[in-house]
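Here's the structure we're looking at; comments come further down.
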Amino acid sequence: MTDKDISIRIARPEDQATLTQLIGASYAMLDNGRYDAAQLMRALPLMSKANPRLLASGTYFIAEVDGVAASCGGWSFEMPGSRETSPGVAYIRHFATHPEYLRLGLARRLITRCLEEAAAKGAGLIKCQSTLQAERFYASAGFRSVGQIDVEMGPGVTLPVMQMERTLG
Ligand SMILES: CC(C)(COP(=O)(O)OP(=O)(O)OC[C@H]1O[C@@H](n2cnc3c(N)ncnc32)[C@H](O)[C@@H]1OP(=O)(O)O)[C@@H](O)C(=O)NCCC(=O)NCCS
């Protein structure tokens, strides 16, 4: 694949259906033995929908291959699941690559853009809540693991994730 096949653009609210489909296909890959199957089945519908607030944020991106949405992800100063912010701290949000486009460097391009933008906007630290499968992806982008926690995806539905972070600048 050459660089000219790939373009990155800012997501928009009207990308909701396309990205929900992409994220759903991507997160279905999490059913590969790292998670308790029953727990994952309850969590997937709650975590697989594109987040309208992110789509309207201007800091959530889509990597398109020949015009087809293949990977998405972004960053925010708002903590996932809340509107709280802490000075100088940013968060990586909702990364997913469609199973047909894995290991092509698409998520790497998106995270590079996120790290550059977050640093330019004043973040000195960026955190993420990584699925157990994505830990090596984030490690390759300079994040270190700081501990596993259970995150509430909805009432009575939790999923273990790895908290990760890296400094910026
Ligand atoms: C994590 C995810 C977004 C990575 O997407 P991707 O576009 O395939 O990632 P890239 O091709 O940009 O990978 C960049 C680097 O990350 C590392 N990496 C990515 N996937 C990896 C894997 N499965 N195992 C080990 N290293 C991996 C590698 O170092 C890779 O570089 P290389 O291919 O040159 O070795 C994708 O696997 C995914 O959507 N997973 C399911 C959903 C998920 O867990 N999302 C994260 C939510 S927190």
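Here's how to read the names in the structure tokens: chain A, B, ... by the order shown, residue numbers from 1 in each chain, ligand numbers from 1 in the order shown.
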Item to check | Close residues, segment 112-114 of chain A itself excluded, 8 Å, only C-alpha atoms, min 2 positions apart in chain, as a list in words | outcome: Thr59, Gly74, Trp75, Ile92, Arg108, Arg109, Leu110, Glu116, Glu117, Ala118 and Ala141 of chain A
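Residues lying within 10 Å of Ala134 of chain A, counting only C-alpha atoms and ignoring same-chain neighbours fewer than 6 positions away, are A:Leu30, A:Phe95, A:Ala96, A:Val161, A:Met162.
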Item to check | Surrounding residues as a PyMOL selection string, ligand 1, max 10 Å, only C-alpha atoms and all ligand atoms | outcome: chain A and resi 22-31+47-48+63+70-73+92-112+128-141+161-164
Checklist entry - How would you write, as a PyMOL selection string, the set of residues in segment 17-148 of chain A that DSSP gives as alpha helix (DSSP H)? => result chain A and resi 17-27+37-47+52-55+106-120+135-140
With N, CA and C atoms retained, could you export that selection as a CSV table (one decimal), in the first residue's frame?
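As a result, out_14.csv now contains:
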chain,number,residue,atom,x,y,z
A,17,ALA,N,-22.9,6.1,11.8
A,17,ALA,CA,-23.2,4.7,11.4
A,17,ALA,C,-22.0,4.0,10.9
A,18,THR,N,-21.2,4.7,10.0
A,18,THR,CA,-20.0,4.0,9.5
A,18,THR,C,-19.0,3.6,10.6
A,19,LEU,N,-18.8,4.5,11.5
A,19,LEU,CA,-17.8,4.2,12.6
A,19,LEU,C,-18.4,3.2,13.6
A,20,THR,N,-19.7,3.2,13.8
A,20,THR,CA,-20.2,2.2,14.7
A,20,THR,C,-20.0,0.8,14.1
A,21,GLN,N,-20.2,0.7,12.8
A,21,GLN,CA,-20.0,-0.6,12.1
A,21,GLN,C,-18.5,-1.0,12.2
A,22,LEU,N,-17.6,0.0,11.9
A,22,LEU,CA,-16.2,-0.3,12.0
A,22,LEU,C,-15.7,-0.7,13.4
A,23,ILE,N,-16.2,0.0,14.4
A,23,ILE,CA,-15.8,-0.3,15.8
A,23,ILE,C,-16.4,-1.6,16.2
A,24,GLY,N,-17.6,-1.9,15.8
A,24,GLY,CA,-18.3,-3.2,16.1
A,24,GLY,C,-17.5,-4.3,15.5
A,25,ALA,N,-17.0,-4.2,14.3
A,25,ALA,CA,-16.3,-5.3,13.6
A,25,ALA,C,-14.9,-5.5,14.3
A,26,SER,N,-14.3,-4.3,14.7
A,26,SER,CA,-13.0,-4.4,15.4
A,26,SER,C,-13.1,-5.0,16.8
A,27,TYR,N,-14.0,-4.5,17.6
A,27,TYR,CA,-14.1,-5.0,18.9
A,27,TYR,C,-14.6,-6.5,19.0
A,37,ALA,N,-15.8,-14.8,28.2
A,37,ALA,CA,-16.7,-14.7,27.1
A,37,ALA,C,-18.0,-14.0,27.4
A,38,ALA,N,-18.6,-14.5,28.6
A,38,ALA,CA,-19.9,-14.0,29.0
A,38,ALA,C,-19.8,-12.5,29.3
A,39,GLN,N,-18.7,-12.1,30.0
A,39,GLN,CA,-18.5,-10.7,30.4
A,39,GLN,C,-18.4,-9.8,29.2
A,40,LEU,N,-17.6,-10.4,28.2
A,40,LEU,CA,-17.4,-9.6,27.0
A,40,LEU,C,-18.6,-9.4,26.2
A,41,MET,N,-19.5,-10.5,26.1
A,41,MET,CA,-20.7,-10.4,25.4
A,41,MET,C,-21.6,-9.3,25.9
A,42,ARG,N,-21.6,-9.1,27.3
A,42,ARG,CA,-22.4,-8.1,27.9
A,42,ARG,C,-21.8,-6.7,27.6
A,43,ALA,N,-20.5,-6.6,27.6
A,43,ALA,CA,-19.8,-5.3,27.4
A,43,ALA,C,-19.8,-4.8,26.0
A,44,LEU,N,-19.7,-5.7,25.0
A,44,LEU,CA,-19.5,-5.3,23.6
A,44,LEU,C,-20.5,-4.3,23.1
A,45,PRO,N,-21.8,-4.6,23.3
A,45,PRO,CA,-22.8,-3.6,22.8
A,45,PRO,C,-22.7,-2.3,23.4
A,46,LEU,N,-22.2,-2.2,24.6
A,46,LEU,CA,-22.1,-0.9,25.3
A,46,LEU,C,-20.8,-0.1,24.9
A,47,MET,N,-19.8,-0.8,24.4
A,47,MET,CA,-18.6,-0.1,24.1
A,47,MET,C,-18.3,0.0,22.6
A,52,PRO,N,-20.9,10.0,20.0
A,52,PRO,CA,-21.3,11.3,19.3
A,52,PRO,C,-20.5,12.5,19.8
A,53,ARG,N,-20.2,12.5,21.1
A,53,ARG,CA,-19.4,13.6,21.6
A,53,ARG,C,-18.0,13.7,21.0
A,54,LEU,N,-17.4,12.5,20.8
A,54,LEU,CA,-16.1,12.4,20.2
A,54,LEU,C,-16.2,12.8,18.7
A,55,LEU,N,-17.2,12.4,18.0
A,55,LEU,CA,-17.4,12.7,16.6
A,55,LEU,C,-17.6,14.2,16.4
A,106,LEU,N,-2.1,1.9,10.2
A,106,LEU,CA,-3.2,2.9,10.2
A,106,LEU,C,-3.4,3.5,11.6
A,107,ALA,N,-3.5,2.7,12.6
A,107,ALA,CA,-3.6,3.2,14.0
A,107,ALA,C,-2.4,3.9,14.4
A,108,ARG,N,-1.2,3.5,14.0
A,108,ARG,CA,0.0,4.3,14.3
A,108,ARG,C,-0.1,5.7,13.7
A,109,ARG,N,-0.6,5.8,12.5
A,109,ARG,CA,-0.7,7.2,11.9
A,109,ARG,C,-1.6,8.0,12.8
A,110,LEU,N,-2.7,7.4,13.2
A,110,LEU,CA,-3.7,8.2,14.0
A,110,LEU,C,-3.2,8.5,15.3
A,111,ILE,N,-2.5,7.6,16.0
A,111,ILE,CA,-2.0,7.9,17.3
A,111,ILE,C,-0.9,9.0,17.3
A,112,THR,N,-0.1,8.9,16.2
A,112,THR,CA,1.0,9.9,16.0
A,112,THR,C,0.3,11.3,15.9
A,113,ARG,N,-0.7,11.4,15.2
A,113,ARG,CA,-1.4,12.7,15.1
A,113,ARG,C,-2.0,13.1,16.4
A,114,CYS,N,-2.6,12.2,17.1
A,114,CYS,CA,-3.1,12.5,18.5
A,114,CYS,C,-2.0,13.0,19.4
A,115,LEU,N,-0.9,12.3,19.4
A,115,LEU,CA,0.2,12.7,20.4
A,115,LEU,C,0.7,14.1,20.0
A,116,GLU,N,0.9,14.4,18.7
A,116,GLU,CA,1.4,15.7,18.3
A,116,GLU,C,0.4,16.8,18.6
A,117,GLU,N,-0.9,16.6,18.4
A,117,GLU,CA,-1.9,17.6,18.6
A,117,GLU,C,-2.1,17.8,20.1
A,118,ALA,N,-2.1,16.7,20.9
A,118,ALA,CA,-2.3,16.9,22.3
A,118,ALA,C,-1.1,17.7,22.9
A,119,ALA,N,0.1,17.4,22.5
A,119,ALA,CA,1.3,18.1,23.0
A,119,ALA,C,1.2,19.6,22.6
A,120,ALA,N,0.8,19.8,21.3
A,120,ALA,CA,0.7,21.2,20.8
A,120,ALA,C,-0.4,22.0,21.6
A,135,GLU,N,-2.5,-3.7,24.2
A,135,GLU,CA,-1.4,-3.2,25.1
A,135,GLU,C,-0.1,-3.1,24.3
A,136,ARG,N,0.2,-4.0,23.4
A,136,ARG,CA,1.4,-4.0,22.6
A,136,ARG,C,1.4,-2.8,21.6
A,137,PHE,N,0.2,-2.5,21.1
A,137,PHE,CA,0.1,-1.4,20.1
A,137,PHE,C,0.5,-0.1,20.9
A,138,TYR,N,-0.1,0.1,22.0
A,138,TYR,CA,0.2,1.3,22.8
A,138,TYR,C,1.6,1.4,23.2
A,139,ALA,N,2.1,0.2,23.6
A,139,ALA,CA,3.6,0.1,24.0
A,139,ALA,C,4.5,0.6,22.9
A,140,SER,N,4.1,0.2,21.7
A,140,SER,CA,4.9,0.5,20.5
A,140,SER,C,4.8,2.1,20.2
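The space between atom CA of Gly147 of chain A and atom CA of Arg83 of chain A spans 22.9 Å.
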Checklist entry - Which distance in Å separates atom CA of Met79 of chain A and atom CA of Phe61 of chain A, to one decimal? => result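 Distance reported for this atom pair: 17.7 Å.
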Checklist entry - At what distance in Å, to one decimal, does atom CA of Arg12 of chain A lie from atom CA of Ala69 of chain A? => result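 The value is 12.4 Å.
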Item to check | Residue list (strand (DSSP E or B), DSSP) for chain A, as a PyMOL selection string | outcome: chain A and resi 6-10+60-65+68-76+86+89-97+125-130+144-154+157-167
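Closest approach to Phe143 of chain A from the set A:Ala123, A:Ala56, A:Leu168, A:Leu159 is made by A:Leu168, with distances taken over only C-alpha atoms.
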